[in-house]
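> Please see the structure below; I have some questions.
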Amino acid sequence: MPPGIGLALFGWLFLIGGATGLVSTLVMWRAPGFWWSLLSAVFTIGVGGALFMIPELGIVMLPPLLIAFLILEGIVTIMFALDHWRELSGRWGWVLGSGVVDLALAGLILIGLPTTYTWTLMNALLVRPVQQQDIAAITRIYAHAVLHGTASFETEPPDEADMGRRQNGLLAGGFPYLVGELDGTVVGYAYAGPYRARSAYRFTVEDSVYVAPQMHKQGVGRALLDSLLVEAEARGYRQMIAVIGDSAQSASIALHVACGFKHIGVLEAVGFKFGRWLDCVLLQRALGQGAETPP
């Protein structure tokens with residue numbers, strides 16, 4: 001399914017499923033299961049109308065749960081048709097067909113959901129410069145990474161005051177610092193900082209990207225890193241280095257490769273966390289004219 005279709009199409013699919021359910025309900029008048037069928041049809045139509053009118057609701061309403069309901073409704077309808085085929089008589093085909101349509105629509109939605117959900121999410125995501133009021137969310141996101149992951153080699157999460165000092169130091173140095181905001185909530189952040197302190201390194205930066213755990217693998221990291229590259233290049237930096245903790249961080253490595261970074265080496269067993277030795281994977285990407293011209 002092309003990503004540009006959006007969750008509004010899912011609204012149409014739910015409306016179609018609800019409409020077929022409503023038709024089968026009308027031909028079941030006074031038959032066993034009438035009220036169950038009517039309730040499920042009205043619910044499905046309501047969901048479809050909400051998704052069609054306000055596609056962004058798909059992010060909040062969690063489409064997978066709605067798909068599960070559609071599957072359940074289809075199975076129950078088919079079982080009802082098979083159990084009451086004598087009583088339904090000529091209406092049996094309508095009821096069975098309604099259940100089959102529900103299952104077919106659920107299958108179509110499942111096929112298109114991952115791409116379309118990500119597309120809708122990325123259209124709702126706002127990548128903007130960091131603000132002072134973002135520090136609480138940034139601190140929470142980083143604390144989770146410190147306590148549960150190996151992206152950071154810190155073992156104790158810093159508090160808001162410490163994170164605020166770090167943020168202010170980067171901003172005072174003119175480095176780009178961005179956040180990803182979804183529906184008013186910060187769900188990730190990224191910044192570029194000095195690769196080394198000595199003067200000759202001043203045109204090279206090191207990137208950091210952190211995403212809230214519930215938003216992993218939703219495209220937030222890619223949106224942040226893409227924007228960070230643009231901002232760093234606009235500030236005149238010529239090289240960006242990624243120092244990725246732990247060779248097992250395949251998602252982070254893949255993200256950087258997708259954004260044009262190249263592998264330049266591995267520092268083996270330079271960190272020790274969670275009871276095991278950790279590597280550092282080094283990647284590099286030229287910015288602007290890179291090394292082709294003097295800065």
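Convention: chains lettered A, B, ... in structure tokens order; per-chain residue numbering from 1; ligands numbered from 1 as shown.
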Can you pull out the residues contacting range 245-251 of chain A? Cut-off 6 Å, using only C-alpha atoms, and skip same-chain residues under 3 positions away; I want them as a PDB file with N, CA and C atoms, in the first residue's frame.

ATOM      1  N   THR A 150      22.596   0.148  26.054  1.00  0.00           N
ATOM      2  CA  THR A 150      24.044   0.322  25.942  1.00  0.00           C
ATOM      3  C   THR A 150      24.416   1.433  24.969  1.00  0.00           C
ATOM      4  N   ALA A 151      23.445   2.226  24.538  1.00  0.00           N
ATOM      5  CA  ALA A 151      23.756   3.356  23.674  1.00  0.00           C
ATOM      6  C   ALA A 151      24.623   4.365  24.414  1.00  0.00           C
ATOM      7  N   ALA A 254      22.109   0.693  11.575  1.00  0.00           N
ATOM      8  CA  ALA A 254      21.345   0.729  10.327  1.00  0.00           C
ATOM      9  C   ALA A 254      20.795   2.130  10.051  1.00  0.00           C
ATOM     10  N   LEU A 278      31.834  -4.166  26.085  1.00  0.00           N
ATOM     11  CA  LEU A 278      31.119  -3.531  24.979  1.00  0.00           C
ATOM     12  C   LEU A 278      32.104  -2.882  24.010  1.00  0.00           C
ATOM     13  N   ASP A 279      31.795  -3.023  22.715  1.00  0.00           N
ATOM     14  CA  ASP A 279      32.571  -2.342  21.685  1.00  0.00           C
ATOM     15  C   ASP A 279      32.006  -0.945  21.442  1.00  0.00           C
ATOM     16  N   CYS A 280      32.741  -0.158  20.679  1.00  0.00           N
ATOM     17  CA  CYS A 280      32.231   1.096  20.121  1.00  0.00           C
ATOM     18  C   CYS A 280      32.369   1.015  18.607  1.00  0.00           C
TER      19      CYS A 280
END
> DSSP on the backbone, strand (DSSP E or B) only: what residues of range 59-287 of chain A does that give? Format it as a PyMOL selection string.
chain A and resi 126-129+177-182+185-194+204-211+239-245+262-273+276-286
> Within range 174-232 of chain A, find each residue whose DSSP state, derived from the backbone, is alpha helix (DSSP H), and express the selection as an MDAnalysis selection string.
chainID A and resid 220:232
> When you draw a straight line from CA of Leu287 in chain A to CA of Leu170 in chain A, how long is it in Å?
19.2 Å
> Which distance in Å separates CA of Ala161 in chain A and CA of Ala143 in chain A, to one decimal?
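That distance, rounded to one decimal, is 13.2 Å.
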> By how many Å are CA of Thr139 in chain A and CA of Asp162 in chain A apart?
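Taking CA of Thr139 in chain A and CA of Asp162 in chain A, their separation equals 9.2 Å.
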> With only C-alpha atoms as the atoms that count, which of A:Cys259, A:Leu82, A:Leu283, A:Ile75 lies nearest to Val100 in chain A?
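Of A:Cys259, A:Leu82, A:Leu283, A:Ile75, the one nearest Val100 in chain A, counting only C-alpha atoms, is A:Ile75.
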> Applying 9 Å and only C-alpha atoms, which residues near range 212-229 of chain A remain after dropping the ones on its own chain fewer than 5 positions away? List them as a count of residues only.
37
> Show which residues sit within 8 Å of Thr77 in chain A, as a VMD selection string. Count only C-alpha atoms, and ignore same-chain residues fewer than 5 positions away.
chain A and resid 37 95 to 96 98 to 99
> Restricting the calculation to only C-alpha atoms, which member of A:Ile135, A:Val101, A:Leu147, A:Leu72 is positioned closest to Gln167 in chain A?
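Of all the options, A:Ile135 lies closest to Gln167 in chain A.
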> Out of A:Gly107, A:Pro158, A:Gly164, A:Gly236, which residue has the shortest atom-to-atom distance to Gln133 in chain A when counting only C-alpha atoms?
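Nearest to Gln133 in chain A: A:Gly164.
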> Using only C-alpha atoms, which of A:Ala232, A:Ile67, A:Leu38, A:Ile253 sits nearest Glu206 in chain A?
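The shortest atom-to-atom distance to Glu206 in chain A comes from A:Ala232.
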